[in-house]
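Just work.cif here, mmCIF, C-alpha atoms:
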```
data_upload
#
loop_
_atom_site.label_atom_id
_atom_site.label_comp_id
_atom_site.auth_asym_id
_atom_site.auth_seq_id
_atom_site.Cartn_x
_atom_site.Cartn_y
_atom_site.Cartn_z
CA MET A 1 -6.59 -24.78 -6.56
CA SER A 2 -7.23 -22.15 -9.20
CA GLY A 3 -9.43 -21.33 -12.15
CA GLY A 4 -12.18 -19.71 -10.08
CA ILE A 5 -13.10 -22.68 -7.88
CA ASN A 6 -11.32 -21.23 -4.84
CA GLU A 7 -12.99 -17.86 -5.32
CA MET A 8 -16.40 -19.51 -5.57
CA MET A 9 -15.85 -21.72 -2.53
CA GLN A 10 -14.59 -18.77 -0.49
CA ALA A 11 -17.78 -16.90 -1.30
CA TYR A 12 -19.82 -19.87 -0.08
CA ASN A 13 -17.75 -20.42 3.08
CA LYS A 14 -18.13 -16.79 4.17
CA LEU A 15 -21.85 -17.47 4.53
CA HIS A 16 -21.53 -21.02 5.86
CA ASP A 17 -18.48 -20.94 8.11
CA LYS A 18 -19.82 -23.72 10.35
CA ALA A 19 -19.91 -26.19 7.47
CA PRO A 20 -17.27 -25.03 4.99
CA VAL A 21 -16.64 -26.67 1.62
CA ARG A 22 -13.11 -27.75 0.73
CA ALA A 23 -12.04 -27.94 -2.89
CA THR A 24 -9.34 -30.37 -4.04
CA GLY A 25 -7.53 -29.85 -7.34
CA PHE A 26 -6.21 -32.46 -9.76
CA GLU A 27 -3.97 -32.29 -12.80
CA HIS A 28 -6.20 -31.98 -15.87
CA GLU A 29 -5.37 -35.23 -17.69
CA SER A 30 -5.00 -37.41 -14.60
CA PHE A 31 -8.41 -36.25 -13.39
CA LYS A 32 -10.08 -37.68 -16.50
CA VAL A 33 -8.94 -41.14 -15.40
CA GLY A 34 -8.98 -40.59 -11.65
CA ILE A 35 -12.61 -39.52 -11.36
CA ASN A 36 -13.76 -42.71 -13.07
CA VAL A 37 -11.73 -44.76 -10.61
CA MET A 38 -13.27 -42.89 -7.67
CA LEU A 39 -16.79 -43.27 -9.05
CA ASP A 40 -16.30 -46.97 -9.75
CA SER A 41 -14.90 -47.58 -6.26
CA GLY A 42 -17.97 -46.12 -4.58
CA HIS A 43 -15.89 -43.46 -2.80
CA PRO A 44 -16.20 -40.33 -4.97
CA PRO A 45 -16.21 -36.71 -3.82
CA ASP A 46 -19.59 -35.32 -2.76
CA MET A 47 -19.64 -33.31 -6.01
CA PHE A 48 -17.14 -32.55 -8.74
CA SER A 49 -16.55 -30.29 -11.72
CA TYR A 50 -16.73 -31.87 -15.16
CA TRP A 51 -17.50 -31.08 -18.80
CA ALA A 52 -20.99 -31.04 -20.25
CA GLY A 53 -21.62 -33.20 -23.29
CA ALA A 54 -20.65 -36.76 -24.08
CA ARG A 55 -18.31 -37.08 -21.09
CA THR A 56 -21.14 -36.36 -18.66
CA GLU A 57 -23.51 -38.54 -20.66
CA THR A 58 -21.05 -41.43 -20.37
CA LEU A 59 -21.14 -41.15 -16.57
CA VAL A 60 -24.95 -40.99 -16.65
CA ASN A 61 -25.08 -44.12 -18.81
CA LEU A 62 -22.79 -45.89 -16.34
CA ASN A 63 -25.24 -45.00 -13.54
CA TYR A 64 -22.56 -43.09 -11.64
CA LEU A 65 -24.59 -39.90 -11.12
CA THR A 66 -27.79 -38.77 -9.46
CA PRO A 67 -30.19 -36.29 -11.08
CA ILE A 68 -30.56 -32.83 -9.57
CA ASP A 69 -34.06 -32.04 -10.91
CA GLN A 70 -35.09 -30.98 -7.40
CA VAL A 71 -32.39 -28.29 -7.29
CA TRP A 72 -33.40 -26.93 -10.69
CA LEU A 73 -37.06 -26.83 -9.68
CA GLU A 74 -36.72 -25.30 -6.22
CA ALA A 75 -34.11 -22.71 -7.33
CA GLY A 76 -36.07 -21.79 -10.47
CA LEU A 77 -33.05 -22.39 -12.68
CA ASP A 78 -35.06 -22.69 -15.89
CA SER A 79 -35.64 -18.94 -15.64
CA ILE A 80 -31.95 -17.99 -15.50
CA PHE A 81 -30.32 -20.52 -17.82
CA SER A 82 -31.12 -20.42 -21.53
CA PRO A 83 -32.69 -23.38 -23.35
CA THR A 84 -29.33 -24.24 -24.93
CA VAL A 85 -27.66 -24.31 -21.49
CA GLN A 86 -30.54 -26.35 -20.08
CA LYS A 87 -30.14 -28.83 -22.93
CA ALA A 88 -26.44 -29.24 -22.10
CA CYS A 89 -27.41 -30.15 -18.52
CA THR A 90 -30.18 -32.61 -19.44
CA TYR A 91 -29.61 -36.32 -20.09
CA HIS A 92 -32.35 -38.89 -20.68
CA GLY A 93 -34.96 -36.37 -19.58
CA HIS A 94 -33.35 -35.43 -16.25
CA LYS A 95 -31.15 -32.56 -15.11
CA TYR A 96 -27.81 -33.95 -14.00
CA ALA A 97 -25.60 -30.87 -14.07
CA LEU A 98 -25.34 -27.38 -12.66
CA PRO A 99 -23.59 -25.05 -15.16
CA LEU A 100 -20.66 -22.97 -13.89
CA THR A 101 -18.71 -21.58 -16.82
CA GLN A 102 -18.93 -21.26 -20.58
CA HIS A 103 -15.96 -20.87 -22.93
CA TYR A 104 -16.33 -19.91 -26.60
CA ALA A 105 -14.01 -20.77 -29.49
CA ALA A 106 -13.37 -17.89 -31.90
CA PHE A 107 -10.62 -16.20 -33.86
CA PHE A 108 -8.42 -13.87 -31.82
CA TYR A 109 -6.30 -11.55 -33.93
CA ASN A 110 -3.56 -8.95 -33.72
CA LYS A 111 -5.57 -5.78 -34.19
CA LYS A 112 -2.68 -3.48 -35.08
CA LEU A 113 -1.43 -5.98 -37.65
CA PHE A 114 -4.87 -6.13 -39.28
CA GLU A 115 -5.06 -2.33 -39.34
CA GLN A 116 -1.57 -2.10 -40.82
CA HIS A 117 -2.70 -4.21 -43.77
CA ALA A 118 -6.16 -2.57 -44.08
CA LEU A 119 -7.94 -5.77 -43.04
CA LYS A 120 -11.31 -5.98 -41.34
CA PRO A 121 -12.46 -9.04 -39.39
CA PRO A 122 -13.83 -11.40 -42.09
CA THR A 123 -17.45 -12.46 -41.86
CA ASP A 124 -17.61 -14.97 -44.74
CA TRP A 125 -15.26 -17.51 -46.27
CA LYS A 126 -14.31 -15.36 -49.27
CA SER A 127 -13.19 -12.44 -47.10
CA PHE A 128 -11.41 -14.86 -44.76
CA LEU A 129 -9.35 -16.28 -47.62
CA ILE A 130 -8.55 -12.75 -48.84
CA ALA A 131 -7.30 -11.85 -45.36
CA CYS A 132 -5.14 -14.98 -45.25
CA GLU A 133 -3.61 -14.28 -48.66
CA THR A 134 -3.00 -10.61 -47.82
CA LEU A 135 -1.10 -11.52 -44.68
CA LYS A 136 0.86 -14.25 -46.44
CA GLN A 137 1.93 -11.88 -49.22
CA ALA A 138 3.09 -9.43 -46.55
CA GLY A 139 5.35 -12.07 -45.03
CA VAL A 140 3.08 -12.76 -42.03
CA THR A 141 1.83 -16.23 -41.16
CA PRO A 142 -1.96 -15.85 -41.42
CA ILE A 143 -2.99 -18.50 -38.89
CA ALA A 144 -1.17 -19.75 -35.79
CA LEU A 145 -1.92 -23.28 -34.63
CA GLY A 146 -0.25 -25.12 -31.77
CA SER A 147 -1.55 -28.70 -31.85
CA ARG A 148 1.14 -30.50 -29.89
CA ASP A 149 -1.49 -31.55 -27.34
CA LYS A 150 -3.84 -32.51 -30.21
CA TRP A 151 -7.04 -30.92 -28.85
CA PRO A 152 -6.39 -27.39 -30.27
CA ALA A 153 -6.81 -28.79 -33.81
CA GLN A 154 -10.35 -29.96 -33.14
CA PHE A 155 -11.85 -26.46 -33.41
CA TRP A 156 -10.95 -26.41 -37.10
CA PHE A 157 -12.72 -29.67 -37.82
CA ASP A 158 -15.69 -28.67 -35.66
CA TYR A 159 -16.31 -25.31 -37.29
CA LEU A 160 -15.63 -26.42 -40.88
CA LEU A 161 -18.14 -29.24 -40.43
CA LEU A 162 -20.70 -27.02 -38.69
CA ARG A 163 -20.42 -24.33 -41.37
CA THR A 164 -20.63 -26.75 -44.32
CA ALA A 165 -22.78 -29.68 -43.15
CA GLY A 166 -24.66 -28.07 -40.26
CA PRO A 167 -25.29 -28.91 -36.60
CA ALA A 168 -27.82 -31.69 -37.25
CA PHE A 169 -25.36 -33.72 -39.30
CA ARG A 170 -22.51 -33.07 -36.87
CA ASP A 171 -24.69 -34.27 -34.00
CA LYS A 172 -25.35 -37.53 -35.84
CA LEU A 173 -21.64 -37.96 -36.54
CA MET A 174 -20.79 -37.37 -32.89
CA LYS A 175 -23.35 -39.99 -31.82
CA GLY A 176 -21.99 -42.54 -34.25
CA ASP A 177 -25.02 -42.44 -36.56
CA LYS A 178 -22.95 -41.23 -39.52
CA PRO A 179 -19.56 -42.57 -40.69
CA TYR A 180 -16.34 -40.57 -40.75
CA ASP A 181 -15.90 -41.28 -44.46
CA ASP A 182 -19.20 -39.54 -45.24
CA PRO A 183 -18.78 -37.07 -48.16
CA ARG A 184 -19.62 -34.14 -45.85
CA VAL A 185 -16.76 -35.02 -43.49
CA ILE A 186 -14.44 -35.48 -46.46
CA GLU A 187 -15.45 -32.03 -47.75
CA ALA A 188 -14.61 -30.39 -44.41
CA PHE A 189 -11.16 -31.99 -44.40
CA ALA A 190 -10.63 -31.02 -48.04
CA MET A 191 -11.22 -27.36 -47.11
CA TRP A 192 -8.85 -27.69 -44.15
CA LYS A 193 -6.26 -29.29 -46.43
CA GLY A 194 -6.65 -26.35 -48.82
CA LEU A 195 -5.66 -23.93 -46.07
CA LEU A 196 -2.64 -26.04 -45.15
CA ASP A 197 -1.59 -26.43 -48.78
CA SER A 198 -1.85 -22.66 -49.28
CA GLY A 199 0.70 -22.09 -46.52
CA TYR A 200 -1.74 -20.22 -44.30
CA PHE A 201 -0.67 -22.05 -41.12
CA ASN A 202 2.66 -21.87 -39.34
CA GLN A 203 5.10 -24.65 -40.13
CA MET A 204 4.92 -27.82 -38.02
CA PRO A 205 1.93 -26.95 -35.80
CA ASN A 206 2.30 -30.23 -33.91
CA LEU A 207 5.53 -28.97 -32.34
CA LEU A 208 3.84 -26.03 -30.57
CA ASP A 209 1.23 -25.86 -27.84
CA TRP A 210 -1.73 -23.47 -27.96
CA ALA A 211 -0.01 -20.82 -25.83
CA GLU A 212 3.08 -20.81 -28.05
CA ALA A 213 0.81 -20.32 -31.06
CA ALA A 214 -0.93 -17.43 -29.28
CA LYS A 215 2.44 -15.82 -28.68
CA LEU A 216 3.08 -15.84 -32.44
CA VAL A 217 0.00 -13.63 -32.77
CA HIS A 218 1.20 -11.43 -29.93
CA SER A 219 4.62 -10.95 -31.53
CA GLY A 220 3.15 -10.14 -34.94
CA GLN A 221 4.61 -13.26 -36.56
CA ALA A 222 1.06 -14.52 -37.12
CA GLY A 223 -2.18 -12.68 -37.70
CA MET A 224 -4.75 -14.78 -35.85
CA THR A 225 -5.46 -18.01 -34.01
CA LEU A 226 -8.61 -20.07 -33.48
CA MET A 227 -8.86 -20.73 -29.75
CA GLY A 228 -11.13 -20.71 -26.71
CA THR A 229 -11.74 -17.61 -24.61
CA TRP A 230 -9.21 -18.78 -22.01
CA ILE A 231 -6.70 -17.13 -24.36
CA ILE A 232 -7.88 -13.81 -22.92
CA GLY A 233 -6.15 -14.63 -19.64
CA LEU A 234 -2.88 -15.35 -21.44
CA PHE A 235 -3.01 -12.18 -23.54
CA GLU A 236 -3.88 -9.89 -20.65
CA ASN A 237 -2.35 -11.40 -17.53
CA GLN A 238 0.91 -12.72 -18.98
CA LEU A 239 1.47 -10.77 -22.20
CA HIS A 240 -0.13 -7.51 -20.99
CA TRP A 241 -2.24 -6.96 -24.09
CA LYS A 242 -5.38 -4.84 -23.93
CA GLN A 243 -8.58 -6.06 -25.54
CA GLU A 244 -9.99 -3.90 -28.35
CA GLU A 245 -6.68 -2.03 -28.44
CA ASP A 246 -4.03 -4.70 -29.04
CA TYR A 247 -6.24 -7.65 -29.93
CA ASP A 248 -9.84 -8.49 -30.74
CA PHE A 249 -12.03 -11.39 -31.85
CA PHE A 250 -14.35 -12.48 -34.65
CA ARG A 251 -16.53 -15.56 -34.96
CA PHE A 252 -15.72 -18.34 -37.40
CA PRO A 253 -16.80 -17.06 -40.84
CA ILE A 254 -20.01 -18.16 -42.54
CA ILE A 255 -19.49 -20.63 -45.37
CA ASN A 256 -23.02 -21.84 -46.22
CA LYS A 257 -25.60 -19.10 -45.57
CA SER A 258 -28.47 -21.60 -45.56
CA LEU A 259 -27.21 -23.36 -42.42
CA PRO A 260 -28.13 -22.21 -38.89
CA LEU A 261 -25.23 -20.70 -37.01
CA THR A 262 -23.70 -22.63 -34.15
CA ALA A 263 -21.44 -21.35 -31.39
CA LEU A 264 -18.77 -23.80 -30.28
CA GLY A 265 -17.05 -24.21 -26.95
CA SER A 266 -17.05 -25.96 -23.61
CA MET A 267 -19.24 -25.75 -20.54
CA ASP A 268 -18.01 -26.65 -17.07
CA VAL A 269 -20.65 -28.13 -14.80
CA VAL A 270 -20.97 -29.61 -11.32
CA LEU A 271 -22.11 -33.23 -11.07
CA VAL A 272 -23.31 -35.25 -8.08
CA PRO A 273 -22.37 -38.95 -7.63
CA ARG A 274 -25.03 -41.48 -6.71
CA HIS A 275 -23.36 -42.13 -3.37
CA GLY A 276 -23.05 -39.02 -1.26
CA ARG A 277 -24.63 -36.49 1.06
CA HIS A 278 -27.27 -35.31 -1.37
CA SER A 279 -29.28 -33.05 0.95
CA GLU A 280 -26.19 -31.03 1.91
CA VAL A 281 -24.90 -30.97 -1.67
CA ASN A 282 -28.24 -29.74 -3.02
CA LYS A 283 -28.02 -26.69 -0.73
CA ILE A 284 -24.55 -25.93 -2.05
CA LEU A 285 -25.67 -26.33 -5.67
CA ALA A 286 -28.57 -23.94 -5.15
CA TYR A 287 -26.13 -21.35 -3.83
CA LEU A 288 -23.67 -21.89 -6.69
CA SER A 289 -26.39 -21.00 -9.18
CA LYS A 290 -26.70 -17.48 -7.76
CA PRO A 291 -25.06 -14.46 -9.45
CA GLU A 292 -22.45 -13.79 -6.73
CA PRO A 293 -20.66 -17.17 -6.86
CA GLN A 294 -21.10 -17.32 -10.64
CA MET A 295 -19.32 -13.96 -10.92
CA ALA A 296 -16.61 -15.11 -8.50
CA MET A 297 -16.04 -18.15 -10.70
CA SER A 298 -15.94 -15.96 -13.81
CA ARG A 299 -13.40 -13.57 -12.31
CA GLY A 300 -11.12 -16.42 -11.32
CA SER A 301 -11.41 -18.46 -14.53
CA GLY A 302 -11.80 -15.80 -17.21
CA ALA A 303 -14.84 -17.69 -18.50
CA PHE A 304 -18.39 -16.49 -18.94
CA SER A 305 -21.15 -17.33 -16.54
CA PRO A 306 -23.96 -19.25 -18.30
CA SER A 307 -26.45 -17.47 -16.05
CA SER A 308 -28.54 -14.66 -17.52
CA ALA A 309 -28.70 -13.20 -14.00
CA VAL A 310 -25.07 -12.13 -14.50
CA THR A 311 -25.57 -8.99 -16.57
CA LEU A 312 -23.46 -7.87 -19.52
CA ASP A 313 -22.00 -4.87 -17.68
CA PHE A 314 -20.12 -7.27 -15.40
CA TYR A 315 -17.69 -7.93 -18.29
CA PRO A 316 -15.21 -5.69 -20.15
CA PRO A 317 -16.41 -4.38 -23.55
CA MET A 318 -14.89 -7.04 -25.82
CA GLN A 319 -16.17 -9.84 -23.63
CA GLN A 320 -19.60 -8.22 -23.65
CA ARG A 321 -19.53 -8.48 -27.44
CA ILE A 322 -18.45 -12.12 -27.24
CA LEU A 323 -21.28 -12.90 -24.86
CA LYS A 324 -23.79 -11.13 -27.11
CA THR A 325 -22.51 -13.29 -29.97
CA ILE A 326 -23.00 -16.45 -27.92
CA ARG A 327 -26.47 -15.47 -26.75
CA SER A 328 -27.63 -14.42 -30.21
CA THR A 329 -26.42 -17.61 -31.89
CA PRO A 330 -29.28 -20.13 -32.16
CA ASN A 331 -27.21 -23.27 -31.54
CA TRP A 332 -24.51 -24.29 -29.09
CA ALA A 333 -22.17 -27.26 -29.55
CA SER A 334 -19.51 -28.71 -27.29
CA ASN A 335 -16.14 -29.11 -28.99
CA TYR A 336 -15.24 -32.46 -30.53
CA ASP A 337 -13.58 -34.21 -27.59
CA LEU A 338 -16.54 -33.30 -25.37
CA SER A 339 -19.18 -34.29 -27.94
CA THR A 340 -17.97 -37.83 -28.52
CA ARG A 341 -17.38 -40.75 -26.19
CA PRO A 342 -13.82 -40.71 -24.77
CA CYS A 343 -12.48 -43.64 -26.81
CA ILE A 344 -13.75 -42.06 -30.06
CA ALA A 345 -12.38 -38.67 -29.05
CA ARG A 346 -8.90 -40.12 -28.56
CA GLN A 347 -8.96 -41.80 -31.96
CA GLY A 348 -10.30 -38.67 -33.65
CA LEU A 349 -7.74 -36.34 -32.12
CA ASP A 350 -4.94 -38.74 -33.07
CA MET A 351 -6.26 -38.76 -36.63
CA MET A 352 -6.30 -34.94 -36.79
CA ALA A 353 -2.70 -34.78 -35.59
CA ARG A 354 -1.64 -37.20 -38.30
CA PHE A 355 -3.60 -35.21 -40.88
CA ILE A 356 -1.78 -31.99 -39.96
CA ASP A 357 1.55 -33.72 -40.52
CA SER A 358 0.39 -35.35 -43.79
CA PRO A 359 -2.62 -33.49 -45.27
CA ASP A 360 -2.65 -35.61 -48.44
CA THR A 361 -3.65 -38.69 -46.43
CA TYR A 362 -6.96 -37.31 -45.14
CA LYS A 363 -9.22 -39.69 -47.11
CA THR A 364 -7.28 -42.74 -45.93
CA LEU A 365 -7.28 -41.47 -42.34
CA LEU A 366 -11.05 -40.92 -42.41
CA GLN A 367 -11.63 -44.37 -43.89
CA GLN A 368 -9.51 -45.91 -41.14
CA LEU A 369 -11.39 -44.01 -38.45
CA ALA A 370 -14.72 -45.09 -39.95
CA LYS A 371 -13.66 -48.73 -39.46
CA ASP A 372 -12.42 -48.29 -35.90
CA THR A 373 -13.92 -50.87 -33.55
CA CYS A 374 -14.47 -48.22 -30.90
CA LEU A 375 -17.23 -46.74 -33.05
CA SER A 376 -19.21 -49.98 -33.05
CA ILE A 377 -19.25 -50.38 -29.29
CA SER A 378 -22.29 -48.77 -27.68
CA PRO A 379 -21.81 -47.35 -24.18
CA PRO A 380 -23.57 -49.23 -21.40
CA ARG A 381 -26.78 -47.63 -20.25
CA SER A 382 -28.07 -47.51 -16.71
CA SER A 383 -30.87 -49.99 -16.02
CA GLN A 384 -32.67 -47.49 -13.85
CA VAL A 385 -32.53 -43.75 -13.28
CA PRO A 386 -31.80 -42.85 -9.65
CA HIS A 387 -33.64 -39.92 -8.11
CA ASP A 388 -32.78 -37.24 -5.59
#
```
What would you get if you wrote out this structure as structure tokens?
Amino acid sequence: MSGGINEMMQAYNKLHDKAPVRATGFEHESFKVGINVMLDSGHPPDMFSYWAGARTETLVNLNYLTPIDQVWLEAGLDSIFSPTVQKACTYHGHKYALPLTQHYAAFFYNKKLFEQHALKPPTDWKSFLIACETLKQAGVTPIALGSRDKWPAQFWFDYLLLRTAGPAFRDKLMKGDKPYDDPRVIEAFAMWKGLLDSGYFNQMPNLLDWAEAAKLVHSGQAGMTLMGTWIIGLFENQLHWKQEEDYDFFRFPIINKSLPLTALGSMDVVLVPRHGRHSEVNKILAYLSKPEPQMAMSRGSGAFSPSSAVTLDFYPPMQQRILKTIRSTPNWASNYDLSTRPCIARQGLDMMARFIDSPDTYKTLLQQLAKDTCLSISPPRSSQVPHD
């Protein structure tokens, strides 16, 4: 087991050695299927880590989970988690999730390469395009993308849509209330196509994974990559780069100044199945909300703690700046495959992969996705809301 869970459980077990908690790890993709099988069989784990957003909402709608309002109330969690974090943990008026980690998607760039070409981190679309063209003319690939596993491409669609159509429209699209061939979606893909047509991405992105794309930035073959903050672990632990010296970050540039800014990323949470030892689990959840285990999880995972009780000085300087950016941004959105129901997410990610290979087909691909039968099937909703 890795990614901070062991560190967090060890912190708990030191204080509760008579009733220790054992964590079991699963391969990422197999877990997405396996947890549904366990929940459906009536023999799930007492609690499990999952992703906030549509994936959790799907389990709530299937009546697989129990609310943890009592934990939030008795531990006073509304005072340490921001309204945006609280919203990510609330479904149909009840708290179902305890937040553990928060990852943020941003541009990470080769700082020395930018300095060599007199480039500053762009803040708007015009300066972003200038930076891309400057790097291209210097023989450097401006943007590295490794979309072999499909999901790394989603950040481009997410941010282009958020920066041109806004979070309210994107939320409606994610819920199925707007079609994928809406002019605003088409506009976002047209802008993405423009970047591809301009040669700003590396060739054949679908042949690389995200880490291979990050290594292009590390080697100086590419200037920047749009990726989640887990890239920090790769840069520092494996490639021995130093933040603010070898690499740095900037948020996705502003395109339409009239739209409210939205930070994009993922939030890991703990969920509790309907069938289980709720009284014991509630005690564990209350502990996991405290600063010490949240910091242990952060150290092990490289992610941020969503808790405001974990102060900025816990993090290195660049990560402090990232966290300030997250906390000062008025809106938070989960990335595409966590904002849509699983069947839609699969279809959407497949469509993005095909688009990257054939950018000219984007209108046809969006029209096909708009007609997909998956979009017309509403998820089943629970007939009653179970209580603690």
> If you count only C-alpha atoms, which residues fall within 10 Å of range 184-188 of chain A, apart from same-chain ones fewer than 5 positions away, as number ranges by chain?
Replying inline: A: 156-166, 169-170, 173, 178-179, 193-194, 362-363, 366-367
Give me a file of those residues, with C-alpha atoms, as a PDB file, keeping the file's coordinate frame.
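The result, stored in again_14.pdb:
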```
ATOM      1  CA  TRP A 156     -10.950 -26.410 -37.100  1.00  0.00           C
ATOM      2  CA  PHE A 157     -12.720 -29.670 -37.820  1.00  0.00           C
ATOM      3  CA  ASP A 158     -15.690 -28.670 -35.660  1.00  0.00           C
ATOM      4  CA  TYR A 159     -16.310 -25.310 -37.290  1.00  0.00           C
ATOM      5  CA  LEU A 160     -15.630 -26.420 -40.880  1.00  0.00           C
ATOM      6  CA  LEU A 161     -18.140 -29.240 -40.430  1.00  0.00           C
ATOM      7  CA  LEU A 162     -20.700 -27.020 -38.690  1.00  0.00           C
ATOM      8  CA  ARG A 163     -20.420 -24.330 -41.370  1.00  0.00           C
ATOM      9  CA  THR A 164     -20.630 -26.750 -44.320  1.00  0.00           C
ATOM     10  CA  ALA A 165     -22.780 -29.680 -43.150  1.00  0.00           C
ATOM     11  CA  GLY A 166     -24.660 -28.070 -40.260  1.00  0.00           C
ATOM     12  CA  PHE A 169     -25.360 -33.720 -39.300  1.00  0.00           C
ATOM     13  CA  ARG A 170     -22.510 -33.070 -36.870  1.00  0.00           C
ATOM     14  CA  LEU A 173     -21.640 -37.960 -36.540  1.00  0.00           C
ATOM     15  CA  LYS A 178     -22.950 -41.230 -39.520  1.00  0.00           C
ATOM     16  CA  PRO A 179     -19.560 -42.570 -40.690  1.00  0.00           C
ATOM     17  CA  LYS A 193      -6.260 -29.290 -46.430  1.00  0.00           C
ATOM     18  CA  GLY A 194      -6.650 -26.350 -48.820  1.00  0.00           C
ATOM     19  CA  TYR A 362      -6.960 -37.310 -45.140  1.00  0.00           C
ATOM     20  CA  LYS A 363      -9.220 -39.690 -47.110  1.00  0.00           C
ATOM     21  CA  LEU A 366     -11.050 -40.920 -42.410  1.00  0.00           C
ATOM     22  CA  GLN A 367     -11.630 -44.370 -43.890  1.00  0.00           C
TER      23      GLN A 367
END
```
>> If the PyMOL selection byres ((chain A and resi 42-56) around 7) were run on this exact file, what residues would it hold? Put them as an MDAnalysis selection string.
In response: chainID A and resid 38:41 57:60 88:89 267:273 275:277 281 334 338:342
> Care to translate the PyMOL selection byres ((chain A and resi 311) around 12) into actual residues of this file, as a VMD selection string?
Replying inline: chain A and resid 80 291 to 292 294 to 295 304 to 310 312 to 316 319 to 320 323 to 324
>> Here's the selection I'm unsure about, the PyMOL selection byres ((chain A and resi 121) around 9); applied to the file above, which residues does it give, as a ChimeraX atom specification?
In response: /A:109,114,119-120,122-123,127-128,131,249-251
>> I'd like to know which of A:Ser258, A:Phe108, A:Asp197, A:Ile326 is closest to Leu226 in chain A, using all atoms listed in the file.
In response: A:Phe108
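Nearest to Asn237 in chain A of all the residues A:Thr329, A:Phe107, A:Ser301, A:Val37 is A:Ser301, based on only C-alpha atoms.
The spacing separating CA of Gln70 in chain A from CA of Asn282 in chain A amounts to 8.2 Å.
Take CA of Pro293 in chain A and CA of Thr101 in chain A: the distance between them is 11.1 Å.
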Sorted per-residue table, range 119-179 of chain A near range 228-231 of chain A, closest atoms and distance, 12 Å, all atoms listed in the file, as JSON lines:
```
{"residue": "A:Trp151", "atom": "CA", "partner": "A:Gly228", "partner_atom": "CA", "distance": 11.2}
{"residue": "A:Pro152", "atom": "CA", "partner": "A:Gly228", "partner_atom": "CA", "distance": 8.9}
{"residue": "A:Ala153", "atom": "CA", "partner": "A:Gly228", "partner_atom": "CA", "distance": 11.6}
{"residue": "A:Gln154", "atom": "CA", "partner": "A:Gly228", "partner_atom": "CA", "distance": 11.3}
{"residue": "A:Phe155", "atom": "CA", "partner": "A:Gly228", "partner_atom": "CA", "distance": 8.9}
{"residue": "A:Trp156", "atom": "CA", "partner": "A:Gly228", "partner_atom": "CA", "distance": 11.9}
```
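Atom pair CA of Cys374 in chain A / CA of Cys343 in chain A has a distance of 6.5 Å (rounded to one decimal).
Distance check against Ser328 in chain A using all atoms listed in the file: of A:Ile255, A:Leu135, A:Pro260, A:Leu216, the minimum falls on A:Pro260.
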> Near Lys136 in chain A, counting only C-alpha atoms, which residues have an atom at most 10 Å away, once you skip same-chain residues fewer than 3 positions from it, shown as number ranges by chain?
Replying inline: A: 130-133, 139-143, 198-201, 222-223
Could you write out that same residue set with C-alpha atoms as a PDB file, in the coordinates of the input?
```
ATOM      1  CA  ILE A 130      -8.550 -12.750 -48.840  1.00  0.00           C
ATOM      2  CA  ALA A 131      -7.300 -11.850 -45.360  1.00  0.00           C
ATOM      3  CA  CYS A 132      -5.140 -14.980 -45.250  1.00  0.00           C
ATOM      4  CA  GLU A 133      -3.610 -14.280 -48.660  1.00  0.00           C
ATOM      5  CA  GLY A 139       5.350 -12.070 -45.030  1.00  0.00           C
ATOM      6  CA  VAL A 140       3.080 -12.760 -42.030  1.00  0.00           C
ATOM      7  CA  THR A 141       1.830 -16.230 -41.160  1.00  0.00           C
ATOM      8  CA  PRO A 142      -1.960 -15.850 -41.420  1.00  0.00           C
ATOM      9  CA  ILE A 143      -2.990 -18.500 -38.890  1.00  0.00           C
ATOM     10  CA  SER A 198      -1.850 -22.660 -49.280  1.00  0.00           C
ATOM     11  CA  GLY A 199       0.700 -22.090 -46.520  1.00  0.00           C
ATOM     12  CA  TYR A 200      -1.740 -20.220 -44.300  1.00  0.00           C
ATOM     13  CA  PHE A 201      -0.670 -22.050 -41.120  1.00  0.00           C
ATOM     14  CA  ALA A 222       1.060 -14.520 -37.120  1.00  0.00           C
ATOM     15  CA  GLY A 223      -2.180 -12.680 -37.700  1.00  0.00           C
TER      16      GLY A 223
END
```
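Distances from A:Tyr287, A:Tyr64, A:Tyr336, A:Tyr104 to Phe252 in chain A were compared using all atoms listed in the file, and the smallest one belongs to A:Tyr104.
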> Got a sec: who's within 7 Å of Ala333 in chain A, counting only C-alpha atoms, leaving out chain neighbours fewer than 2 positions off, as a PyMOL selection string?
Replying inline: chain A and resi 262-265+331+335
> Pick from A:Leu195, A:Ala75, A:Val21, A:Ile322: nearest to Leu129 in chain A, with all atoms listed in the file counted?
Replying inline: A:Leu195
Write out as a tab-separated table (two decimals) with C-alpha atoms, keeping the file's coordinate frame which residues come within 9 Å of Ile344 in chain A when counting all atoms listed in the file, dropping same-chain ones fewer than 6 positions away.
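selection.tsv written:
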```tsv
chain	number	residue	atom	x	y	z
A	174	MET	CA	-20.79	-37.37	-32.89
A	337	ASP	CA	-13.58	-34.21	-27.59
A	369	LEU	CA	-11.39	-44.01	-38.45
A	372	ASP	CA	-12.42	-48.29	-35.90
A	374	CYS	CA	-14.47	-48.22	-30.90
A	375	LEU	CA	-17.23	-46.74	-33.05
```
>> Show me, as a ChimeraX atom specification, the residues that have an atom within 10 Å of Lys95 in chain A when counting all atoms listed in the file, minus same-chain residues fewer than 3 positions from it.
In response: /A:66-73,86-92,98,271
> Restricting the calculation to all atoms listed in the file, which member of A:Pro330, A:Pro317, A:Gly300, A:Gly176 is positioned closest to Met8 in chain A?
Replying inline: A:Gly300
